[in-house]
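> File follows, coords30.pdb with PDB, C-alpha atoms:
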ATOM      1  CA  LYS A   1     -47.341 -31.837  54.642
ATOM      2  CA  THR A   2     -50.461 -33.715  55.677
ATOM      3  CA  PHE A   3     -49.477 -36.922  53.930
ATOM      4  CA  ALA A   4     -45.960 -36.853  55.383
ATOM      5  CA  ARG A   5     -47.287 -36.292  58.896
ATOM      6  CA  ARG A   6     -49.602 -39.269  58.649
ATOM      7  CA  PHE A   7     -47.394 -41.863  57.068
ATOM      8  CA  THR A   8     -43.628 -42.174  56.765
ATOM      9  CA  LEU A   9     -41.259 -45.009  55.941
ATOM     10  CA  ARG A  10     -38.299 -45.220  58.293
ATOM     11  CA  GLY A  11     -35.017 -44.629  56.490
ATOM     12  CA  ALA A  12     -36.541 -43.690  53.130
ATOM     13  CA  SER A  13     -37.461 -40.383  51.566
ATOM     14  CA  LEU A  14     -41.037 -39.586  50.613
ATOM     15  CA  THR A  15     -39.845 -38.417  47.214
ATOM     16  CA  ASP A  16     -38.332 -41.802  46.384
ATOM     17  CA  CYS A  17     -41.145 -43.982  47.630
ATOM     18  CA  SER A  18     -44.299 -41.880  47.298
ATOM     19  CA  LEU A  19     -45.880 -44.369  44.904
ATOM     20  CA  ARG A  20     -45.169 -47.275  47.268
ATOM     21  CA  ILE A  21     -46.511 -45.312  50.211
ATOM     22  CA  ALA A  22     -49.681 -44.441  48.342
ATOM     23  CA  LEU A  23     -50.265 -48.083  47.505
ATOM     24  CA  GLN A  24     -49.646 -49.161  51.107
ATOM     25  CA  TRP A  25     -51.714 -46.331  52.540
ATOM     26  CA  LYS A  26     -54.853 -47.757  50.942
ATOM     27  CA  LEU A  27     -54.776 -50.375  53.707
ATOM     28  CA  LEU A  28     -55.307 -47.658  56.326
ATOM     29  CA  PRO A  29     -58.887 -46.414  56.712
ATOM     30  CA  MET A  30     -59.137 -42.633  56.532
ATOM     31  CA  ASN A  31     -61.542 -40.287  58.221
ATOM     32  CA  TRP A  32     -63.966 -38.808  55.710
ATOM     33  CA  LYS A  33     -67.309 -37.067  56.261
ATOM     34  CA  TYR A  34     -70.386 -35.875  54.416
ATOM     35  CA  TYR A  35     -70.065 -32.124  53.876
ATOM     36  CA  HIS A  36     -73.641 -31.293  54.792
ATOM     37  CA  GLN A  37     -73.437 -33.150  58.116
ATOM     38  CA  LEU A  38     -70.530 -31.121  59.484
ATOM     39  CA  ARG A  39     -70.407 -28.073  61.717
ATOM     40  CA  PRO A  40     -68.173 -25.110  60.766
ATOM     41  CA  ASP A  41     -65.337 -26.029  63.145
ATOM     42  CA  GLN A  42     -65.331 -29.595  61.834
ATOM     43  CA  LEU A  43     -65.044 -28.361  58.266
ATOM     44  CA  GLU A  44     -62.150 -26.079  59.205
ATOM     45  CA  LYS A  45     -60.333 -29.060  60.714
ATOM     46  CA  ILE A  46     -60.817 -31.243  57.656
ATOM     47  CA  VAL A  47     -59.679 -28.478  55.285
ATOM     48  CA  ALA A  48     -56.529 -28.052  57.411
ATOM     49  CA  GLU A  49     -55.735 -31.782  57.413
ATOM     50  CA  THR A  50     -57.177 -33.288  54.222
ATOM     51  CA  PRO A  51     -58.385 -30.482  51.912
ATOM     52  CA  ILE A  52     -60.193 -32.815  49.498
ATOM     53  CA  ALA A  53     -63.736 -32.238  48.266
ATOM     54  CA  PHE A  54     -65.625 -34.898  46.325
ATOM     55  CA  TRP A  55     -68.703 -33.869  44.350
ATOM     56  CA  PRO A  56     -70.817 -36.604  42.720
ATOM     57  CA  LEU A  57     -72.504 -35.288  39.567
ATOM     58  CA  GLY A  58     -75.586 -37.335  38.796
ATOM     59  CA  LEU A  59     -79.080 -37.112  37.378
ATOM     60  CA  LEU A  60     -82.547 -38.622  37.749
ATOM     61  CA  GLU A  61     -82.996 -40.641  34.570
ATOM     62  CA  HIS A  62     -84.485 -43.885  33.292
ATOM     63  CA  HIS A  63     -81.852 -46.620  33.487
ATOM     64  CA  GLY A  64     -83.723 -49.624  32.212
ATOM     65  CA  TRP A  65     -85.973 -51.971  34.125
ATOM     66  CA  HIS A  66     -83.228 -53.224  36.429
ATOM     67  CA  LEU A  67     -81.499 -50.080  37.754
ATOM     68  CA  PRO A  68     -82.793 -47.251  39.970
ATOM     69  CA  ILE A  69     -83.756 -43.892  38.485
ATOM     70  CA  GLY A  70     -80.997 -42.245  40.516
ATOM     71  CA  PHE A  71     -78.352 -44.693  39.326
ATOM     72  CA  ASP A  72     -75.929 -42.055  38.007
ATOM     73  CA  GLY A  73     -75.794 -40.139  41.267
ATOM     74  CA  ILE A  74     -75.634 -43.201  43.511
ATOM     75  CA  LYS A  75     -72.885 -44.720  41.367
ATOM     76  CA  ALA A  76     -70.816 -41.532  41.533
ATOM     77  CA  GLU A  77     -71.317 -41.079  45.272
ATOM     78  CA  ARG A  78     -70.387 -44.629  46.193
ATOM     79  CA  LEU A  79     -67.305 -44.458  44.023
ATOM     80  CA  CYS A  80     -66.359 -41.252  45.856
ATOM     81  CA  VAL A  81     -66.820 -43.068  49.170
ATOM     82  CA  ARG A  82     -64.408 -45.811  48.120
ATOM     83  CA  ILE A  83     -61.771 -43.229  47.297
ATOM     84  CA  ALA A  84     -62.408 -41.079  50.371
ATOM     85  CA  GLU A  85     -61.984 -44.136  52.592
ATOM     86  CA  GLN A  86     -58.334 -44.078  51.522
ATOM     87  CA  THR A  87     -57.681 -40.338  51.301
ATOM     88  CA  GLY A  88     -59.998 -38.582  53.736
ATOM     89  CA  GLY A  89     -61.858 -35.411  52.837
ATOM     90  CA  VAL A  90     -65.530 -34.528  52.454
ATOM     91  CA  ILE A  91     -68.249 -35.654  50.066
ATOM     92  CA  LEU A  92     -70.746 -33.022  48.984
ATOM     93  CA  PRO A  93     -74.426 -33.810  48.499
ATOM     94  CA  THR A  94     -74.943 -35.433  45.124
ATOM     95  CA  MET A  95     -75.858 -33.030  42.338
ATOM     96  CA  TRP A  96     -79.088 -34.580  41.084
ATOM     97  CA  TRP A  97     -80.025 -31.840  38.627
ATOM     98  CA  GLY A  98     -78.165 -32.219  35.347
ATOM     99  CA  ALA A  99     -78.784 -31.728  31.663
ATOM    100  CA  LEU A 100     -78.357 -33.241  28.224
ATOM    101  CA  GLY A 101     -78.613 -36.835  27.107
ATOM    102  CA  GLY A 102     -80.708 -39.187  25.011
ATOM    103  CA  HIS A 103     -83.467 -40.033  27.471
ATOM    104  CA  SER A 104     -85.384 -36.765  27.759
ATOM    105  CA  ASP A 105     -88.637 -38.390  26.617
ATOM    106  CA  PHE A 106     -88.431 -41.322  29.010
ATOM    107  CA  LYS A 107     -90.750 -41.461  31.983
ATOM    108  CA  TRP A 108     -89.161 -40.625  35.359
ATOM    109  CA  THR A 109     -86.357 -38.635  33.698
ATOM    110  CA  HIS A 110     -85.622 -35.064  34.832
ATOM    111  CA  TYR A 111     -83.408 -32.949  32.559
ATOM    112  CA  GLN A 112     -82.857 -29.303  33.470
ATOM    113  CA  ASP A 113     -81.896 -26.144  31.595
ATOM    114  CA  PRO A 114     -78.155 -26.476  30.840
ATOM    115  CA  THR A 115     -77.593 -22.804  31.671
ATOM    116  CA  ALA A 116     -78.983 -23.284  35.175
ATOM    117  CA  VAL A 117     -76.886 -26.411  35.654
ATOM    118  CA  VAL A 118     -73.709 -24.632  34.555
ATOM    119  CA  ASN A 119     -74.402 -21.744  36.932
ATOM    120  CA  ILE A 120     -74.761 -24.080  39.898
ATOM    121  CA  PHE A 121     -71.616 -25.953  38.886
ATOM    122  CA  THR A 122     -69.344 -22.944  38.417
ATOM    123  CA  THR A 123     -70.585 -21.163  41.532
ATOM    124  CA  THR A 124     -70.055 -24.227  43.715
ATOM    125  CA  VAL A 125     -66.562 -24.938  42.374
ATOM    126  CA  GLU A 126     -65.540 -21.309  42.982
ATOM    127  CA  GLN A 127     -66.867 -21.461  46.534
ATOM    128  CA  LEU A 128     -65.071 -24.703  47.358
ATOM    129  CA  ILE A 129     -61.776 -23.189  46.242
ATOM    130  CA  GLN A 130     -62.405 -20.047  48.292
ATOM    131  CA  PHE A 131     -63.121 -22.201  51.341
ATOM    132  CA  GLY A 132     -59.656 -23.762  51.105
ATOM    133  CA  PHE A 133     -60.029 -27.105  49.359
ATOM    134  CA  ARG A 134     -56.941 -27.981  47.319
ATOM    135  CA  VAL A 135     -58.203 -31.138  45.600
ATOM    136  CA  LEU A 136     -61.566 -31.211  43.839
ATOM    137  CA  VAL A 137     -62.803 -34.598  42.646
ATOM    138  CA  LEU A 138     -65.706 -34.011  40.271
ATOM    139  CA  MET A 139     -67.060 -37.516  39.790
ATOM    140  CA  VAL A 140     -69.375 -37.710  36.792
ATOM    141  CA  GLY A 141     -72.122 -40.308  37.007
ATOM    142  CA  HIS A 142     -74.241 -38.950  34.129
ATOM    143  CA  TYR A 143     -71.896 -38.986  31.132
ATOM    144  CA  PRO A 144     -73.194 -35.799  29.416
ATOM    145  CA  TRP A 145     -71.833 -33.875  32.406
ATOM    146  CA  GLN A 146     -68.473 -34.383  30.665
ATOM    147  CA  SER A 147     -69.306 -31.770  28.031
ATOM    148  CA  ILE A 148     -69.998 -29.234  30.786
ATOM    149  CA  LEU A 149     -66.686 -30.042  32.450
ATOM    150  CA  ASN A 150     -64.866 -29.712  29.137
ATOM    151  CA  GLN A 151     -66.329 -26.245  28.657
ATOM    152  CA  GLN A 152     -65.961 -24.916  32.196
ATOM    153  CA  LEU A 153     -62.897 -26.505  33.803
ATOM    154  CA  PRO A 154     -60.181 -24.909  31.623
ATOM    155  CA  GLN A 155     -60.979 -21.476  33.035
ATOM    156  CA  PHE A 156     -60.663 -22.768  36.599
ATOM    157  CA  GLU A 157     -57.419 -24.605  35.846
ATOM    158  CA  ALA A 158     -55.954 -21.422  34.368
ATOM    159  CA  LYS A 159     -57.151 -19.257  37.240
ATOM    160  CA  TYR A 160     -56.124 -21.695  40.004
ATOM    161  CA  PRO A 161     -52.963 -23.540  38.913
ATOM    162  CA  ASN A 162     -52.318 -24.732  42.475
ATOM    163  CA  ILE A 163     -55.632 -26.577  42.719
ATOM    164  CA  HIS A 164     -55.727 -30.228  41.696
ATOM    165  CA  PHE A 165     -58.817 -30.947  39.600
ATOM    166  CA  LEU A 166     -59.735 -34.586  39.024
ATOM    167  CA  ALA A 167     -62.832 -34.673  36.867
ATOM    168  CA  GLY A 168     -64.616 -37.099  34.610
ATOM    169  CA  THR A 169     -66.644 -40.283  34.369
ATOM    170  CA  GLU A 170     -65.528 -43.574  35.839
ATOM    171  CA  ALA A 171     -64.352 -44.449  32.325
ATOM    172  CA  ASN A 172     -61.855 -41.567  32.010
ATOM    173  CA  ILE A 173     -61.182 -39.973  35.398
ATOM    174  CA  GLY A 174     -58.473 -42.531  36.153
ATOM    175  CA  GLY A 175     -56.277 -41.265  33.333
ATOM    176  CA  GLU A 176     -54.847 -42.932  30.256
ATOM    177  CA  SER A 177     -53.486 -45.889  32.207
ATOM    178  CA  VAL A 178     -56.984 -46.968  33.301
ATOM    179  CA  LYS A 179     -58.908 -48.600  30.469
ATOM    180  CA  ILE A 180     -62.528 -49.384  31.351
ATOM    181  CA  GLY A 181     -65.749 -49.108  29.407
ATOM    182  CA  GLY A 182     -68.935 -47.109  29.657
ATOM    183  CA  ASP A 183     -72.480 -47.345  28.314
ATOM    184  CA  HIS A 184     -76.020 -46.553  29.416
ATOM    185  CA  ALA A 185     -77.660 -49.054  31.757
ATOM    186  CA  ALA A 186     -76.137 -51.899  29.753
ATOM    187  CA  LYS A 187     -73.388 -54.416  30.517
ATOM    188  CA  GLU A 188     -70.770 -51.967  31.833
ATOM    189  CA  GLU A 189     -72.924 -49.702  33.992
ATOM    190  CA  THR A 190     -74.849 -52.676  35.313
ATOM    191  CA  ALA A 191     -71.580 -54.328  36.331
ATOM    192  CA  TYR A 192     -70.632 -51.141  38.189
ATOM    193  CA  GLY A 193     -74.029 -51.196  39.834
ATOM    194  CA  LEU A 194     -73.559 -54.798  40.939
ATOM    195  CA  ALA A 195     -70.246 -53.792  42.495
ATOM    196  CA  LEU A 196     -71.319 -50.515  44.104
ATOM    197  CA  LEU A 197     -75.047 -50.790  44.827
ATOM    198  CA  PRO A 198     -76.038 -54.459  44.526
ATOM    199  CA  GLU A 199     -79.055 -54.050  46.795
ATOM    200  CA  LEU A 200     -80.647 -51.719  44.222
ATOM    201  CA  VAL A 201     -80.022 -53.822  41.097
ATOM    202  CA  ASP A 202     -82.439 -56.539  39.942
ATOM    203  CA  GLN A 203     -81.461 -58.291  36.711
ATOM    204  CA  SER A 204     -84.535 -60.553  36.961
ATOM    205  CA  THR A 205     -86.621 -57.584  35.764
ATOM    206  CA  LEU A 206     -84.910 -57.748  32.365
ATOM    207  CA  ARG A 207     -87.856 -59.379  30.618
ATOM    208  CA  SER A 208     -90.439 -58.597  27.970
ATOM    209  CA  GLY A 209     -94.078 -57.844  28.666
ATOM    210  CA  ARG A 210     -94.310 -54.046  29.042
ATOM    211  CA  ASP A 211     -96.322 -51.821  26.763
ATOM    212  CA  ARG A 212     -96.883 -48.178  25.826
ATOM    213  CA  THR A 213     -97.782 -47.295  29.416
ATOM    214  CA  ALA A 214     -94.039 -47.122  29.987
ATOM    215  CA  TRP A 215     -94.149 -43.718  28.235
ATOM    216  CA  PRO A 216     -95.548 -40.434  29.560
ATOM    217  CA  ASN A 217     -99.151 -40.203  28.347
ATOM    218  CA  ASN A 218     -98.686 -43.673  26.824
ATOM    219  CA  THR A 219     -96.975 -42.025  23.851
ATOM    220  CA  PRO A 220     -93.445 -42.822  22.634
ATOM    221  CA  PRO A 221     -91.389 -40.045  21.049
ATOM    222  CA  PRO A 222     -91.365 -39.702  17.248
ATOM    223  CA  ALA A 223     -88.547 -41.405  15.388
ATOM    224  CA  ASP A 224     -86.599 -38.180  14.916
ATOM    225  CA  ARG A 225     -86.361 -37.788  18.704
ATOM    226  CA  GLN A 226     -85.063 -41.299  19.327
ATOM    227  CA  HIS A 227     -81.374 -41.374  20.199
ATOM    228  CA  PRO A 228     -79.371 -43.772  17.976
ATOM    229  CA  GLY A 229     -78.327 -46.896  19.828
ATOM    230  CA  VAL A 230     -80.928 -46.616  22.612
ATOM    231  CA  GLU A 231     -83.661 -49.256  22.779
ATOM    232  CA  PHE A 232     -87.056 -47.525  22.573
ATOM    233  CA  ASP A 233     -89.352 -50.575  22.569
ATOM    234  CA  PRO A 234     -90.678 -51.068  26.130
ATOM    235  CA  ASN A 235     -91.465 -54.701  25.321
ATOM    236  CA  GLU A 236     -87.735 -55.356  24.953
ATOM    237  CA  PRO A 237     -85.699 -56.415  28.015
ATOM    238  CA  MET A 238     -83.046 -53.888  26.934
ATOM    239  CA  PHE A 239     -85.496 -50.959  27.001
ATOM    240  CA  ALA A 240     -83.596 -47.662  27.598
ATOM    241  CA  GLN A 241     -80.221 -49.404  27.382
ATOM    242  CA  MET A 242     -77.382 -48.471  25.052
ATOM    243  CA  GLY A 243     -74.639 -51.072  24.826
ATOM    244  CA  GLU A 244     -74.256 -54.802  25.290
ATOM    245  CA  PRO A 245     -77.124 -56.534  27.128
ATOM    246  CA  ALA A 246     -77.237 -55.861  30.852
ATOM    247  CA  ASP A 247     -77.959 -59.495  31.663
ATOM    248  CA  GLN A 248     -74.323 -60.216  30.745
ATOM    249  CA  ALA A 249     -73.037 -58.003  33.557
ATOM    250  CA  THR A 250     -71.247 -59.419  36.602
ATOM    251  CA  ALA A 251     -70.142 -57.918  39.882
ATOM    252  CA  ALA A 252     -66.651 -59.362  39.363
ATOM    253  CA  HIS A 253     -66.238 -57.388  36.143
ATOM    254  CA  GLY A 254     -67.433 -54.226  37.871
ATOM    255  CA  GLU A 255     -65.082 -54.682  40.822
ATOM    256  CA  GLN A 256     -62.091 -55.317  38.573
ATOM    257  CA  ALA A 257     -62.747 -52.155  36.603
ATOM    258  CA  LEU A 258     -63.576 -49.839  39.494
ATOM    259  CA  THR A 259     -60.614 -50.979  41.575
ATOM    260  CA  GLN A 260     -58.372 -49.553  38.869
ATOM    261  CA  VAL A 261     -60.166 -46.211  39.084
ATOM    262  CA  VAL A 262     -59.986 -46.059  42.879
ATOM    263  CA  ASP A 263     -56.306 -47.008  43.024
ATOM    264  CA  SER A 264     -55.372 -44.448  40.380
ATOM    265  CA  LEU A 265     -57.157 -41.573  42.101
ATOM    266  CA  VAL A 266     -55.886 -42.480  45.568
ATOM    267  CA  ILE A 267     -52.300 -42.369  44.316
ATOM    268  CA  ARG A 268     -52.771 -39.086  42.434
ATOM    269  CA  ILE A 269     -54.517 -37.366  45.337
ATOM    270  CA  ASN A 270     -52.027 -38.470  47.967
ATOM    271  CA  ASN A 271     -49.030 -37.652  45.805
ATOM    272  CA  PHE A 272     -50.392 -34.151  45.191
ATOM    273  CA  LEU A 273     -50.703 -33.577  48.941
ATOM    274  CA  LEU A 274     -47.140 -34.731  49.676
TER     275      LEU A 274
END
Can the structure from this file be put into structure tokens for me?

Amino acid sequence: KTFARRFTLRGASLTDCSLRIALQWKLLPMNWKYYHQLRPDQLEKIVAETPIAFWPLGLLEHHGWHLPIGFDGIKAERLCVRIAEQTGGVILPTMWWGALGGHSDFKWTHYQDPTAVVNIFTTTVEQLIQFGFRVLVLMVGHYPWQSILNQQLPQFEAKYPNIHFLAGTEANIGGESVKIGGDHAAKEETAYGLALLPELVDQSTLRSGRDRTAWPNNTPPPADRQHPGVEFDPNEPMFAQMGEPADQATAAHGEQALTQVVDSLVIRINNFLL
């Protein structure tokens, strides 16, 4: 097997020490690539050696004054990179076009028809399996993607029992043993941003002073279109957030949480490929 060829412990069986090997293997940098940058022969080689495909599932959506519009996709991609550095494989271009959520009326947000999104998702997953990938990591950056996964993945898992699907948000993809939080642009996501994309986060922008021009056509949505828990007053520093205030976020908290996710997935992927 690929894992056995790359790393063995003298005098010990892989079956007995696979967990220890997986933990030690994280110290060895692995060769991973961006899918869209590879030539056909290069892809064939990667599928033969490390048949792992990562697909970040994001969205373009308002994430408060302090985070980039593409936060969900960037977060998911950079988390995939951290894992791929320890497992190898390929990372597909981020899926920017998603659906569903509580920010459809916010400026700079792009929600798409859920039917179109599902069609792209199911077609791409089917193709990746046909091309020979044995591990699919579907990293959800935009949380409402989870409902699409819940609806569509069971049919793939039943049809392809020999494929290892790892799918979910950073808050649940690590399994029951990994307990971390999630929110929208608030304390948790901001902490993940400070850990993964610090150059794009600016907490100093969390201040009052904005007005109705923050809305398309200077018009906020009516009350019955305002998602419970989301701050809809643009004069508030927590505008668009849902959760504890983002100014409480720290990079240390984000690193501590995301390290658990990375370690869990590295172990599960490498053990599957034993």
> Assuming the chain letters and numbering stay as they are in my file, what does the PyMOL selection byres ((chain A and resi 169-181) around 10) actually select? List them as a VMD selection string.
chain A and resid 57 75 to 76 79 137 to 146 166 to 168 182 to 183 187 to 189 192 254 256 to 266 268
> In Å, how far is it from CA of Asp72 (chain A) to CA of Trp97 (chain A)?
11.0 Å
> Have a look at A:Pro51, A:Pro222, A:Pro40, A:Gly101 and name the one nearest to Asn270 (chain A); count only C-alpha atoms.
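For Asn270 (chain A), the nearest of the candidates is A:Pro51.
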> If the PyMOL selection byres ((chain A and resi 117) around 10) is run on the structure shown, which residues does it catch, given as a list in words?
Met95, Trp97, Gly98, Ala99, Tyr111, Gln112, Asp113, Pro114, Thr115, Ala116, Val118, Asn119, Ile120, Phe121, Thr122, Trp145 and Ile148 of chain A
> Return the single residue from A:His184, A:Lys45, A:Lys107, A:Lys33 that is closest to Glu244 (chain A), with distances computed using all atoms listed in the file.
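Counting all atoms listed in the file, the residue closest to Glu244 (chain A) is A:His184.
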> Write out as a PyMOL selection string the residues lying within 12 Å of Leu128 (chain A), counting only C-alpha atoms and excluding same-chain residues fewer than 2 positions away.
chain A and resi 35+43+47+51-55+90-92+121-126+130-138+156+160+163+165
> Of the candidates A:Gly89, A:Pro154, A:Pro237, A:Pro56, which one gets nearest to Leu206 (chain A) if we count all atoms listed in the file?
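The closest residue to Leu206 (chain A) is A:Pro237.
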> Hey, could you pull the box centre and edge lengths for region 62-75 of chain A, axis-aligned, 6 Å padding per side, all listed atoms, to one decimal in Å, as lines of an AutoDock Vina configuration file?

center_x = -79.4
center_y = -46.7
center_z = 37.9
size_x = 25.1
size_y = 25.1
size_z = 23.3
